[in-house]
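> One structure is given below, represented as structure tokens, and several questions about it will come after.
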Amino acid sequence: MIKKLNLILIALLFLKIEVSAQKTPEKLLTFKYGKVNPEEFETKAHGADSAAAAVKLFEVGNAHFEVGPSGTFVYVLERHVRYKIINKQAYDLANVEVRLYRDGQGSEEKMDFINGATYNLKDGKVETSKMNNDAKFTSRLDDKHIVKKFTLPNIKEGSIIEYRYRTKSDFTFRLDDWYFQDRYPTRYSSFSIIVPDYYIYKINAGGYININQLKPISSTSNYSIPNATSRTENVSISTVESQYYVEDAPAIKSESYITTLYDYISKIGFELNATNFPNTGYKAYTSTWPKIVKEMMDHESFGGFIRKNSASKALVKEIIKQETDPEAKTNLIFNYVKNNLKWDNKYRVYTEASNQKAILEKKSGNSAEINLVLLGLLDAAGLECYPVLVSTRENGTHPGYPLATKFNSVIVMAGNGEKKYLLDAVDKNNVKDLLSYENLNHKGLKIDRTAVDGEWVSTDNTLASKTSVFYNLVLDKENKLKGTLSVSKNNYDAVETRNSYQTATNEEEFLKGYKLNKPGLEISNFKIDNVNNPDEALIESMDVTIEDNIETAGNLSYFTPLLFERVKQNPFSLEERNFPVDFAHPNEHSYRLSIEFPEDYKLDQIPKNERFKLPDDGGTFSILYTVEGNRLNMVSKISILKTTYSPDEYYNLKELYKNIVRKQAEQIVFKKS
């Protein structure tokens, strides 16, 4: 059964919507296109957004349903936007693109209206520059998408730009999200939608600022609907208008260690829960997880693909041969799939091929095809296995309640009894419980095909990805460093290097990339171990010569001991952060240096040993220097021990990295006698 946590997630989700009280307006604000007041040119950004290059004065969306040419309902959205351009860094706002989808089977999104203008203030009067037809373009993105582009004219610093357009969509299952925040501060954003009671939607609200909701308005609307004789008749249908707005929304600013920025923008979305048409009655869609699971198992491109596994049954005997141990059989099958099927770089929850044989013959496929072939082979070998639906980091965090369209990929759970592990065969450098980085989005829905139900499972990797760097060097009197460098990596750090090495044309090209941004480094006798053995730590060793990394002034020499490994900039720059810090996985980076310096060099200055620790064992940073005769040893270690940190923990994390940057930049000073 689905964990009770889902109920909590739903409750928390709807806390983001506040039903308006007496202090809020009874109606949403309206704005007349083309009517710009001179006072609007005085608009400035304030507070934390004072450096913003533009301000969104308003963005208003009005949506409704109407009957299309085919006699079915279509979703209509009218969008009206106005910006104040403060400086040239926001000139790109004048170039607008709207992506429209078509499924290739007759259903499509289309734009049937658009206009725009630029306004400039001259001698106290508003001058209008209208967008001409030759500023509108249509381009084909791929087989399923076209892009409508338009460019607003006569942009200057201080301009106000405005545009509005209308789109119509045959796709009424999931409506496009409405975002109340932007990369620029927003003075006012509202969204209103009128829904006939034939449609029942569930609401998905997200983000970290509250969305205000006005009291819904019940009414009736007239629709011309074809009857059984193909003639149209006017039908009066009950409707409900839902209205949402946000005032003075701050700019949403990207920062390090997030999933996708869209996870944190305040937004509202709608997914169809059921329909209730007079002739067909009530029809539920994705109201419960068991229903979602059943629909997926009935779908030809998911459950149908899993069932069409005759080719897998024949192949599995060749793969496992006489092996009888379940874990060994799993390893053989996993290694076969990840080494013989090439991923096409597409994350999908459904297959494009109709059966597993097609993928095994083509030897390539999307994430669903590759991992469902893995599932099919495990099935054929009689091993316990489950498909697990996930949403990738770029796709965003799944809200946790029954929402089918938020999944965009598939992985596999396998194992016997209590000993289970996650498998992801799209990368040959993945191992058990080491999913592709994009799949580290905290949870997935494990599908029990026999019970036709699902259960949330954690996809977090709790083992730290470790990189250990060791320089053993000798400093000569010309301030040149010579010696050896060894680097050990595991988990995700190792996957990244393995992929770089394996995709390079040759070792020379790999080393060229390795030396990038490492001025003065020369490498010889390079050796790499376990590059094709992802179950073991990746080991790199080499001889190095390092020049131009020591500065001299008279008889003093200044040396930054972390060389090319130091953290030069704090990744956390915001004064405060309203969304979590998401590292995807714990990590540990240790750096050791042992340097022998000439007899006539004396240590004139050496940094202080220090150690910093996050509360609740969240992480540490330490740096330690020791001296033995004319040999200096230094160890710097950063340990990030959690996958995610809450906004309340942000300040401490920011302070930790502030100290990392400060301490790793400190120099050693040698004095030549």
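Order determines the names: the first chain of the structure tokens is A, the second B, and so forth; residues in each chain are numbered 1 upward, and ligands are numbered 1 upward as they are shown.
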Would you kindly return, as a list in words, each protein, DNA or RNA residue with an atom no farther than 8 Å from any atom of A:Ile86, considering only C-alpha atoms and excluding same-chain residues fewer than 2 positions away?
Lys44, Ala52, Ala53, Ala54, Val55, Lys84, Lys88, Ala90, Glu157, Gly158 and Ser159 of chain A
> Take the selection from the previous step and output its residues with N, CA and C atoms, as a PDB file, in the first residue's frame.

ATOM      1  N   LYS A  44      10.915  50.902 -10.070  1.00  0.00           N
ATOM      2  CA  LYS A  44      12.266  50.440  -9.743  1.00  0.00           C
ATOM      3  C   LYS A  44      12.169  49.156  -8.935  1.00  0.00           C
ATOM      4  N   ALA A  52      18.050  44.179  -9.971  1.00  0.00           N
ATOM      5  CA  ALA A  52      17.379  43.498 -11.084  1.00  0.00           C
ATOM      6  C   ALA A  52      17.389  44.347 -12.341  1.00  0.00           C
ATOM      7  N   ALA A  53      17.553  43.696 -13.486  1.00  0.00           N
ATOM      8  CA  ALA A  53      17.609  44.398 -14.773  1.00  0.00           C
ATOM      9  C   ALA A  53      16.231  44.702 -15.325  1.00  0.00           C
ATOM     10  N   ALA A  54      15.189  44.166 -14.697  1.00  0.00           N
ATOM     11  CA  ALA A  54      13.819  44.414 -15.154  1.00  0.00           C
ATOM     12  C   ALA A  54      12.865  44.115 -14.011  1.00  0.00           C
ATOM     13  N   VAL A  55      11.655  44.615 -14.147  1.00  0.00           N
ATOM     14  CA  VAL A  55      10.575  44.304 -13.216  1.00  0.00           C
ATOM     15  C   VAL A  55       9.362  43.886 -14.038  1.00  0.00           C
ATOM     16  N   LYS A  84       8.889  46.315 -17.193  1.00  0.00           N
ATOM     17  CA  LYS A  84       9.688  47.550 -17.256  1.00  0.00           C
ATOM     18  C   LYS A  84      11.150  47.117 -17.397  1.00  0.00           C
ATOM     19  N   LYS A  88      20.152  47.120 -20.065  1.00  0.00           N
ATOM     20  CA  LYS A  88      20.301  46.300 -21.276  1.00  0.00           C
ATOM     21  C   LYS A  88      20.442  44.800 -20.990  1.00  0.00           C
ATOM     22  N   ALA A  90      18.435  43.063 -19.632  1.00  0.00           N
ATOM     23  CA  ALA A  90      17.101  42.452 -19.780  1.00  0.00           C
ATOM     24  C   ALA A  90      16.544  42.603 -21.188  1.00  0.00           C
ATOM     25  N   GLU A 157      16.937  51.170 -22.643  1.00  0.00           N
ATOM     26  CA  GLU A 157      16.905  51.187 -21.191  1.00  0.00           C
ATOM     27  C   GLU A 157      15.790  52.128 -20.751  1.00  0.00           C
ATOM     28  N   GLY A 158      14.907  51.636 -19.917  1.00  0.00           N
ATOM     29  CA  GLY A 158      13.754  52.419 -19.481  1.00  0.00           C
ATOM     30  C   GLY A 158      12.479  52.107 -20.230  1.00  0.00           C
ATOM     31  N   SER A 159      12.554  51.268 -21.277  1.00  0.00           N
ATOM     32  CA  SER A 159      11.350  50.911 -22.044  1.00  0.00           C
ATOM     33  C   SER A 159      10.401  50.066 -21.209  1.00  0.00           C
TER      34      SER A 159
END
> If we count only C-alpha atoms, what is near stretch 524-535 of chain A at a cut-off of 7 Å, once residues fewer than 4 positions away on the same chain are taken out, given as a ChimeraX atom specification?
/A:429-431,498,539-544
> Need to verify the contact set: A:Ile640, 12 Å, only C-alpha atoms, exclusion of same-chain residues closer than 6 positions in sequence. Can you return it as a count of residues only?
27
> Skipping near chain neighbours, those fewer than 6 positions away, what residues fall within 12 Å of stretch 124-136 of chain A using only C-alpha atoms, listed as a PyMOL selection string?
chain A and resi 33-42+94-98+111+113-118+147-156+158-164
> Please dump the current selection as a short mmCIF file (atom, residue, chain, number, x, y, z; two decimals), in the first residue's frame; keep N, CA and C atoms.

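For reference, result13.cif as written:
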data_model
loop_
_atom_site.label_atom_id
_atom_site.label_comp_id
_atom_site.auth_asym_id
_atom_site.auth_seq_id
_atom_site.Cartn_x
_atom_site.Cartn_y
_atom_site.Cartn_z
N TYR A 33 -4.88 46.41 -22.35
CA TYR A 33 -3.75 46.38 -23.28
C TYR A 33 -3.60 47.74 -23.96
N GLY A 34 -2.36 48.21 -24.01
CA GLY A 34 -2.06 49.47 -24.69
C GLY A 34 -2.19 50.69 -23.82
N LYS A 35 -2.73 50.56 -22.62
CA LYS A 35 -2.89 51.71 -21.73
C LYS A 35 -1.76 51.70 -20.71
N VAL A 36 -0.75 52.52 -20.95
CA VAL A 36 0.42 52.61 -20.08
C VAL A 36 0.45 54.01 -19.48
N ASN A 37 0.53 54.07 -18.18
CA ASN A 37 0.61 55.35 -17.49
C ASN A 37 2.06 55.81 -17.37
N PRO A 38 2.33 57.11 -17.52
CA PRO A 38 3.71 57.60 -17.37
C PRO A 38 4.34 57.20 -16.04
N GLU A 39 3.52 57.04 -14.99
CA GLU A 39 4.07 56.67 -13.69
C GLU A 39 4.74 55.30 -13.71
N GLU A 40 4.30 54.44 -14.64
CA GLU A 40 4.89 53.10 -14.70
C GLU A 40 6.36 53.14 -15.09
N PHE A 41 6.78 54.20 -15.77
CA PHE A 41 8.19 54.31 -16.16
C PHE A 41 9.08 54.61 -14.96
N GLU A 42 8.49 54.99 -13.83
CA GLU A 42 9.26 55.28 -12.62
C GLU A 42 9.51 54.01 -11.80
N ALA A 94 12.66 41.00 -24.89
CA ALA A 94 11.96 41.41 -26.10
C ALA A 94 11.86 40.28 -27.12
N ASN A 95 12.61 39.20 -26.90
CA ASN A 95 12.56 38.04 -27.79
C ASN A 95 11.79 36.93 -27.07
N VAL A 96 10.60 36.65 -27.54
CA VAL A 96 9.70 35.73 -26.85
C VAL A 96 9.52 34.47 -27.69
N GLU A 97 9.56 33.32 -27.02
CA GLU A 97 9.32 32.04 -27.69
C GLU A 97 8.24 31.28 -26.94
N VAL A 98 7.32 30.70 -27.68
CA VAL A 98 6.26 29.88 -27.10
C VAL A 98 6.28 28.53 -27.80
N MET A 111 -1.49 28.61 -31.61
CA MET A 111 -1.63 30.00 -31.21
C MET A 111 -2.44 30.71 -32.30
N PHE A 113 -3.68 34.04 -31.83
CA PHE A 113 -3.71 35.49 -31.66
C PHE A 113 -2.45 35.94 -30.94
N ILE A 114 -1.86 37.04 -31.42
CA ILE A 114 -0.69 37.59 -30.75
C ILE A 114 -0.52 39.04 -31.17
N ASN A 115 -0.21 39.89 -30.23
CA ASN A 115 0.27 41.24 -30.55
C ASN A 115 1.13 41.75 -29.42
N GLY A 116 1.91 42.77 -29.71
CA GLY A 116 2.84 43.29 -28.73
C GLY A 116 3.29 44.69 -29.09
N ALA A 117 3.88 45.38 -28.14
CA ALA A 117 4.32 46.76 -28.37
C ALA A 117 5.39 47.12 -27.36
N THR A 118 6.17 48.14 -27.72
CA THR A 118 7.17 48.73 -26.83
C THR A 118 6.78 50.19 -26.59
N VAL A 147 7.73 26.13 -32.62
CA VAL A 147 7.99 27.27 -31.75
C VAL A 147 7.53 28.54 -32.43
N LYS A 148 6.68 29.28 -31.75
CA LYS A 148 6.26 30.60 -32.21
C LYS A 148 7.20 31.62 -31.58
N LYS A 149 7.82 32.46 -32.42
CA LYS A 149 8.76 33.45 -31.94
C LYS A 149 8.30 34.84 -32.36
N PHE A 150 8.52 35.80 -31.51
CA PHE A 150 8.25 37.18 -31.91
C PHE A 150 9.21 38.11 -31.18
N THR A 151 9.49 39.24 -31.80
CA THR A 151 10.46 40.20 -31.28
C THR A 151 9.81 41.57 -31.19
N LEU A 152 9.90 42.18 -30.02
CA LEU A 152 9.34 43.51 -29.81
C LEU A 152 10.35 44.57 -30.23
N PRO A 153 9.88 45.67 -30.84
CA PRO A 153 10.78 46.66 -31.45
C PRO A 153 11.24 47.75 -30.48
N ASN A 154 12.29 48.46 -30.89
CA ASN A 154 12.68 49.74 -30.29
C ASN A 154 12.93 49.64 -28.79
N ILE A 155 13.69 48.63 -28.37
CA ILE A 155 13.98 48.43 -26.96
C ILE A 155 15.11 49.37 -26.52
N LYS A 156 14.90 50.03 -25.40
CA LYS A 156 15.91 50.90 -24.81
C LYS A 156 15.89 50.69 -23.29
N GLY A 158 14.91 51.64 -19.92
CA GLY A 158 13.75 52.42 -19.48
C GLY A 158 12.48 52.11 -20.23
N SER A 159 12.55 51.27 -21.28
CA SER A 159 11.35 50.91 -22.04
C SER A 159 10.40 50.07 -21.21
N ILE A 160 9.14 50.10 -21.61
CA ILE A 160 8.15 49.15 -21.13
C ILE A 160 7.72 48.31 -22.32
N ILE A 161 7.72 47.00 -22.14
CA ILE A 161 7.27 46.11 -23.21
C ILE A 161 6.00 45.39 -22.75
N GLU A 162 5.19 45.05 -23.73
CA GLU A 162 3.92 44.41 -23.43
C GLU A 162 3.57 43.46 -24.57
N TYR A 163 3.05 42.31 -24.23
CA TYR A 163 2.53 41.42 -25.27
C TYR A 163 1.40 40.58 -24.68
N ARG A 164 0.58 40.08 -25.59
CA ARG A 164 -0.49 39.17 -25.20
C ARG A 164 -0.69 38.17 -26.33
#
> Of the candidates A:Tyr101, A:Ile333, A:Leu29, A:Thr497, which shows the shortest atom-to-atom distance to A:Leu214, using only C-alpha atoms?
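For A:Leu214, the nearest of the candidates is A:Leu29.
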> Do a neighbour search on A:Arg662 at 12 Å with only C-alpha atoms, toss out local chain neighbours closer than 2 positions, and write the hits as a ChimeraX atom specification.
/A:560,566-570,607-608,610,621,623,655-660,664-667
> I'd like the neighbourhood of A:Ala284 as a list in words, where a residue qualifies if any of its atoms comes within 12 Å (using only C-alpha atoms), though same-chain residues fewer than 2 positions away should be ignored.
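Here the qualifying residues turn out to be Phe173, Tyr198, Tyr199, Ile200, Tyr201, Lys202, Glu271, Leu272, Asn273, Ala274, Thr275, Asn276, Phe277, Thr280, Gly281, Tyr282, Thr286, Ser287, Thr288, Lys291, Ile292 and Glu295 of chain A.
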> Of the candidates A:Gly382, A:Pro402, A:Gly396, A:Gly454, which one gets nearest to A:Asn441 if we count only C-alpha atoms?
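Checking each candidate against A:Asn441, we get A:Gly396 as the closest.
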> Which is closer to A:Leu422 than all the others in A:Asn472, A:Ser622, A:Thr330, A:Ser139, using only C-alpha atoms?
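Closest to A:Leu422 of all the choices is A:Thr330.
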> Could you jot down the atom CA of A:Lys419 to atom CA of A:Phe305 separation for me, Å, one decimal place?
26.9 Å
> Got a sec to tell me which of stretch 256-374 of chain A DSSP assigns to alpha helix (DSSP H), as a VMD selection string?
chain A and resid 289 to 298 303 to 307 310 to 320 326 to 340 356 to 362 367 to 374
> Write out the residues from the selection above, keeping C-alpha atoms, as a tab-separated table (two decimals), in the first residue's frame.

chain	number	residue	atom	x	y	z
A	289	TRP	CA	-2.26	4.97	-7.09
A	290	PRO	CA	-3.75	1.52	-7.75
A	291	LYS	CA	-5.67	3.01	-10.67
A	292	ILE	CA	-2.52	4.66	-12.05
A	293	VAL	CA	-0.60	1.40	-11.71
A	294	LYS	CA	-3.35	-0.58	-13.44
A	295	GLU	CA	-3.51	1.89	-16.32
A	296	MET	CA	0.26	1.70	-16.78
A	297	MET	CA	0.26	-2.09	-16.70
A	298	ASP	CA	-2.54	-2.08	-19.29
A	303	GLY	CA	2.88	-3.24	-19.26
A	304	GLY	CA	2.55	-4.51	-22.83
A	305	PHE	CA	6.29	-4.10	-23.39
A	306	ILE	CA	7.04	-5.99	-20.16
A	307	ARG	CA	4.80	-8.88	-21.18
A	310	SER	CA	9.88	-14.00	-25.52
A	311	ALA	CA	13.28	-12.79	-26.76
A	312	SER	CA	14.43	-12.21	-23.18
A	313	LYS	CA	13.42	-15.73	-22.19
A	314	ALA	CA	15.60	-17.14	-24.95
A	315	LEU	CA	18.56	-14.84	-24.26
A	316	VAL	CA	18.72	-15.20	-20.49
A	317	LYS	CA	19.89	-18.82	-20.73
A	318	GLU	CA	22.97	-17.67	-22.65
A	319	ILE	CA	23.70	-14.97	-20.07
A	320	ILE	CA	23.42	-16.94	-16.82
A	326	PRO	CA	20.32	-15.40	-7.37
A	327	GLU	CA	22.71	-12.51	-6.70
A	328	ALA	CA	25.28	-13.83	-9.18
A	329	LYS	CA	22.54	-14.22	-11.81
A	330	THR	CA	21.42	-10.65	-11.18
A	331	ASN	CA	24.99	-9.41	-11.64
A	332	LEU	CA	25.41	-11.30	-14.91
A	333	ILE	CA	22.15	-9.92	-16.33
A	334	PHE	CA	22.80	-6.35	-15.12
A	335	ASN	CA	26.30	-6.36	-16.62
A	336	TYR	CA	25.00	-7.75	-19.91
A	337	VAL	CA	22.35	-5.05	-20.32
A	338	LYS	CA	24.51	-2.07	-19.37
A	339	ASN	CA	27.41	-3.26	-21.57
A	340	ASN	CA	25.37	-4.22	-24.63
A	356	GLN	CA	11.83	-6.27	-25.94
A	357	LYS	CA	13.13	-8.10	-29.01
A	358	ALA	CA	13.25	-4.83	-30.97
A	359	ILE	CA	15.51	-3.23	-28.36
A	360	LEU	CA	17.77	-6.27	-28.04
A	361	GLU	CA	18.24	-6.28	-31.81
A	362	LYS	CA	18.73	-2.51	-32.11
A	367	SER	CA	15.68	4.80	-20.28
A	368	ALA	CA	12.37	2.93	-20.08
A	369	GLU	CA	13.31	0.53	-22.89
A	370	ILE	CA	16.74	-0.34	-21.46
A	371	ASN	CA	15.61	-0.78	-17.87
A	372	LEU	CA	12.44	-2.68	-18.82
A	373	VAL	CA	14.58	-5.05	-20.91
A	374	LEU	CA	16.66	-5.51	-17.74
> Quick one: of A:Asp379, A:Glu565, A:Asp648, A:Glu455, who's nearest to A:Val661, counting only C-alpha atoms?
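Using only C-alpha atoms, A:Val661 sits closest to A:Glu565.
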> Write out as number ranges by chain the set of residues from stretch 184-356 of chain A that DSSP, computed on the backbone, places in strand (DSSP E or B).
A: 186-196, 199-206, 211-213, 217-226, 232-249, 267-277, 281-284, 342-343
